[in-house]
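What follows is a short report on a single structure.
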Amino acid sequence: MNRTGFKSEPEAPGVDAKELKKDVETLELAVGTRDVYGNDPSVDPVYQAKSQILNDAFQEIGMGKYQWYLFCVTGFGWYSDNLWPIVISLILDPVVTEFRTQAPYLKVAQGIGLLVGATFWGVAADVWGRKWCFNLTLLITAIFATAAGASSNYIALCSLVAAWNVGVGGNLPVDSAVFLEFIPASHQYLLTILSIWWAIGQLVGSLIGWPFLVKFSCASADDCPRSSNQGWRYFLYTNGAIMMVLFALRFFFFDMHESPKFLMGRGRDAEAVAVVHEVARYNGRESNLTLAMLEEVDRRFSEDPSSGARALDTSARAALLRSLRTLGRQHMKGLFGTRRLAYSTTLLIIVWCLIGLAFPLYYGFVTFFFASRGADFGDGSPYITYRNQVILSVIGVPGALLAGWMVELPYVGRKGTLAISTVITGVFLFASTTARTSNALLGWNCGFTFTSNIMYGVLYAVTPELFPAKDRGTGNALVGSANRVFGIIAPIIALYTDLTTSVPIWIAGALFIVAGMVSFLLPFEPRGKASI
């Protein structure tokens, strides 16, 4: 065994599966990587053994130039995921003024698009691979968002909003899987810090919207022709163009490799090894990984009938069926195979559902609330409203950085950081209803924005860490779809609630606190362990 923990030559034949597991455990100790599941029987033993070999290969390579470039281009997905909800929130008022309709229908269209996107792209990433899905999500968003700026009526706008959100909905299920499968276990905390791009998306959207929506919007609904209300259209054109630039940077200027774990799961071990060596070469390093190491895993398990392992069907048809079954009972075995796994997956779904309802219920209509509260305080001008939105966006950036530090703290980790930040987020929302001045309201909402960025940074990181790579896309699709379904409920509630009152905020605050309490119950803590 060399200094990396990899064996230079295969051992003599006749070693059974139990001895192979001991070899894998020895490998973990030598290289310093342990996976989240340990010896959990619900995970396919062949897949788990190969995943640990690939994990150790990336740990041997270390964090290099390829991974840092990937941090940037993957961050575009986080940027998009928060930019477009902010865009919808900011254009609600001028759109409603121009088309004289009800605002929540635009949020319903957004929710439907996000639901379709989260479900489709998560499954597609496990069937056709990460690479094409990774690039197409941004392109679809750019095309339809730009086209939405030319909408002549409310129906056309809602249709295009749904279409561009099909792309937005796929960003995090795909991008989190891509990033997690290329970084060494020692740097998995960077998945949390990726949420800084999420905060930047909110900040950039607010900065672009502020001048456009203040200067080029109707002053009154009584006289609001299209020619006097072009601000929201300029806003969409600008952000659509930015998304096209981000797509070009991903597609033309970054040589994205297919995920080695995806290739391995499809039986393409030689290609997986080639990708690892290409990443090592790009980083100016060498890898001791060989195809023989992965083939030895297959040989050893196939020679031991008592191991219970059997060769996986790696055809495209089988991959499609496996992914589609993720939404049905038979394939839930991968996510609900044992009591502990079922408990973990169920709690994740509950947390995503609660936050999926709470966040859009508050943030989707915050400009309405700010404007109405500001009017009560005597300073409800559009300028003040959008200025406050920019201030909130700036506050979110350090929250993402703090999240990356907190998830590595002993006794706190991912689970503690998620739970604490989620509860405090709800507390800040409750406190905001006590504000008696505009500045007090802004202060409480700054606290909310800071802690919610910590919360989302950890949630987006811990979720893919708890799913095996072969099911990671569809696992993300499951929780993402649950999140989007409840996101659709938010505007429906808004249809029957007075948005100028504190009722939506009380509901959202309670949901955040419950979600935080549920997070404390998660059975797995990924801190210090490699995902598989």
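Within each chain, counting starts at residue 1; across the structure tokens, chains are named A, B, ... in the order shown, with ligands numbered 1 upward in that order.
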Enumerate, in order of chain and increasing residue number, the residues of segment 143-223 of chain A with an atom no farther than 12 Å from segment 397-409 of chain A, each with its shortest atom pair and distance in Å to one decimal, counting only C-alpha atoms, as CSV.
residue,atom,partner,partner_atom,distance
A:Ser186,CA,A:Glu408,CA,10.4
A:His187,CA,A:Glu408,CA,10.3
A:Gln188,CA,A:Gly404,CA,9.7
A:Tyr189,CA,A:Gly404,CA,6.0
A:Leu190,CA,A:Gly404,CA,6.7
A:Leu191,CA,A:Gly404,CA,8.1
A:Thr192,CA,A:Gly404,CA,5.3
A:Ile193,CA,A:Gly404,CA,4.9
A:Leu194,CA,A:Ala400,CA,7.7
A:Ser195,CA,A:Ala400,CA,5.5
A:Ile196,CA,A:Ala400,CA,4.9
A:Trp197,CA,A:Val397,CA,8.3
A:Trp198,CA,A:Ala400,CA,8.3
A:Ala199,CA,A:Val397,CA,5.2
A:Ile200,CA,A:Val397,CA,6.7
A:Gly201,CA,A:Val397,CA,9.9
A:Gln202,CA,A:Val397,CA,9.3
A:Leu203,CA,A:Val397,CA,8.4
A:Val204,CA,A:Val397,CA,11.4
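Near segment 424-431 of chain A, within 8 Å and counting only C-alpha atoms, sit Ile420, Ser421, Thr422, Thr433, Thr434, Ala435, Trp444, Asn445, Gly447, Phe448, Thr449, Thr451, Ser452, Ile505, Trp506, Ala508, Gly509, Ala510, Leu511, Phe512 and Ile513 of chain A; same-chain residues fewer than 2 positions away were not included.
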Produce a file of the selected residues containing N, CA, C and O atoms, as a compact mmCIF listing (two decimals), in the first residue's frame.
# COMPACT_ATOMS: atom_id res chain seq x y z
N ILE A 420 -30.18 25.93 14.41
CA ILE A 420 -30.10 27.20 15.15
C ILE A 420 -30.46 28.38 14.24
O ILE A 420 -31.24 29.26 14.61
N SER A 421 -29.88 28.41 13.04
CA SER A 421 -30.14 29.54 12.13
C SER A 421 -31.59 29.58 11.68
O SER A 421 -32.16 30.67 11.51
N THR A 422 -32.22 28.43 11.51
CA THR A 422 -33.62 28.39 11.07
C THR A 422 -34.56 28.91 12.17
O THR A 422 -35.48 29.68 11.89
N THR A 433 -42.71 42.25 13.44
CA THR A 433 -44.09 42.74 13.54
C THR A 433 -44.26 43.74 14.67
O THR A 433 -45.31 44.39 14.78
N THR A 434 -43.24 43.87 15.53
CA THR A 434 -43.32 44.83 16.65
C THR A 434 -42.78 46.20 16.27
O THR A 434 -42.84 47.13 17.08
N ALA A 435 -42.22 46.33 15.06
CA ALA A 435 -41.58 47.59 14.65
C ALA A 435 -42.60 48.72 14.61
O ALA A 435 -43.71 48.56 14.10
N TRP A 444 -34.92 44.67 11.89
CA TRP A 444 -35.34 43.30 12.13
C TRP A 444 -35.21 42.45 10.86
O TRP A 444 -34.82 41.28 10.92
N ASN A 445 -35.52 43.04 9.72
CA ASN A 445 -35.42 42.29 8.47
C ASN A 445 -33.98 42.06 8.05
O ASN A 445 -33.69 41.09 7.35
N GLY A 447 -31.70 41.28 10.27
CA GLY A 447 -31.41 40.08 11.04
C GLY A 447 -31.96 38.83 10.37
O GLY A 447 -31.29 37.79 10.29
N PHE A 448 -33.19 38.94 9.85
CA PHE A 448 -33.80 37.81 9.14
C PHE A 448 -32.97 37.42 7.93
O PHE A 448 -32.70 36.23 7.69
N THR A 449 -32.55 38.39 7.14
CA THR A 449 -31.79 38.10 5.93
C THR A 449 -30.46 37.45 6.27
O THR A 449 -30.03 36.50 5.59
N THR A 451 -29.56 35.60 8.97
CA THR A 451 -29.69 34.21 9.44
C THR A 451 -30.28 33.30 8.37
O THR A 451 -29.95 32.11 8.31
N SER A 452 -31.15 33.82 7.51
CA SER A 452 -31.74 32.98 6.47
C SER A 452 -30.69 32.59 5.43
O SER A 452 -30.76 31.51 4.83
N ILE A 505 -46.52 37.18 7.77
CA ILE A 505 -45.24 37.13 8.47
C ILE A 505 -45.32 36.23 9.70
O ILE A 505 -44.40 35.46 10.00
N TRP A 506 -46.45 36.28 10.42
CA TRP A 506 -46.63 35.39 11.57
C TRP A 506 -46.63 33.93 11.12
O TRP A 506 -46.01 33.07 11.76
N ALA A 508 -45.22 32.67 8.37
CA ALA A 508 -43.87 32.32 7.92
C ALA A 508 -42.93 32.11 9.11
O ALA A 508 -42.13 31.16 9.13
N GLY A 509 -43.00 32.99 10.10
CA GLY A 509 -42.14 32.86 11.27
C GLY A 509 -42.35 31.55 12.01
O GLY A 509 -41.39 30.88 12.42
N ALA A 510 -43.61 31.16 12.18
CA ALA A 510 -43.92 29.91 12.87
C ALA A 510 -43.38 28.71 12.09
O ALA A 510 -42.84 27.76 12.68
N LEU A 511 -43.49 28.76 10.77
CA LEU A 511 -43.00 27.66 9.94
C LEU A 511 -41.49 27.52 10.04
O LEU A 511 -40.97 26.40 10.11
N PHE A 512 -40.78 28.63 10.07
CA PHE A 512 -39.32 28.57 10.21
C PHE A 512 -38.92 27.94 11.55
O PHE A 512 -37.99 27.11 11.61
N ILE A 513 -39.59 28.31 12.62
CA ILE A 513 -39.25 27.78 13.94
C ILE A 513 -39.50 26.27 14.00
O ILE A 513 -38.66 25.51 14.52
Checklist line | Near-Val462 of chain A list (8 Å; only C-alpha atoms; drop same-chain fewer than 3 positions) as JSON, numbers by chain | finding: {"A": [414, 458, 459, 465, 466, 526]}
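Among A:Ser227, A:Asn171, A:Thr385, A:Thr437, the residue with the shortest atom-to-atom distance to Gly209 of chain A, counting only C-alpha atoms, is A:Thr385.
Within the 7 Å cut-off around segment 213-221 of chain A, using only C-alpha atoms and omitting residues fewer than 2 positions from it on the same chain, the listed residues are Pro94, Thr97, Glu98, Gly209, Trp210, Pro211, Asp223, Cys224, Ser228, Asn229, Gln230, Gly231, Trp232, Pro382 and Tyr383 of chain A.
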Next item on the list: Tell me which protein, DNA and RNA residues are within 12 Å of segment 118-120 of chain A, counting only C-alpha atoms, leaving out same-chain ones fewer than 4 positions away, and put them as a PyMOL selection string.
Entry: chain A and resi 81+111-114+124-128+133+137+165-175+320+323-324+326-327+473-485
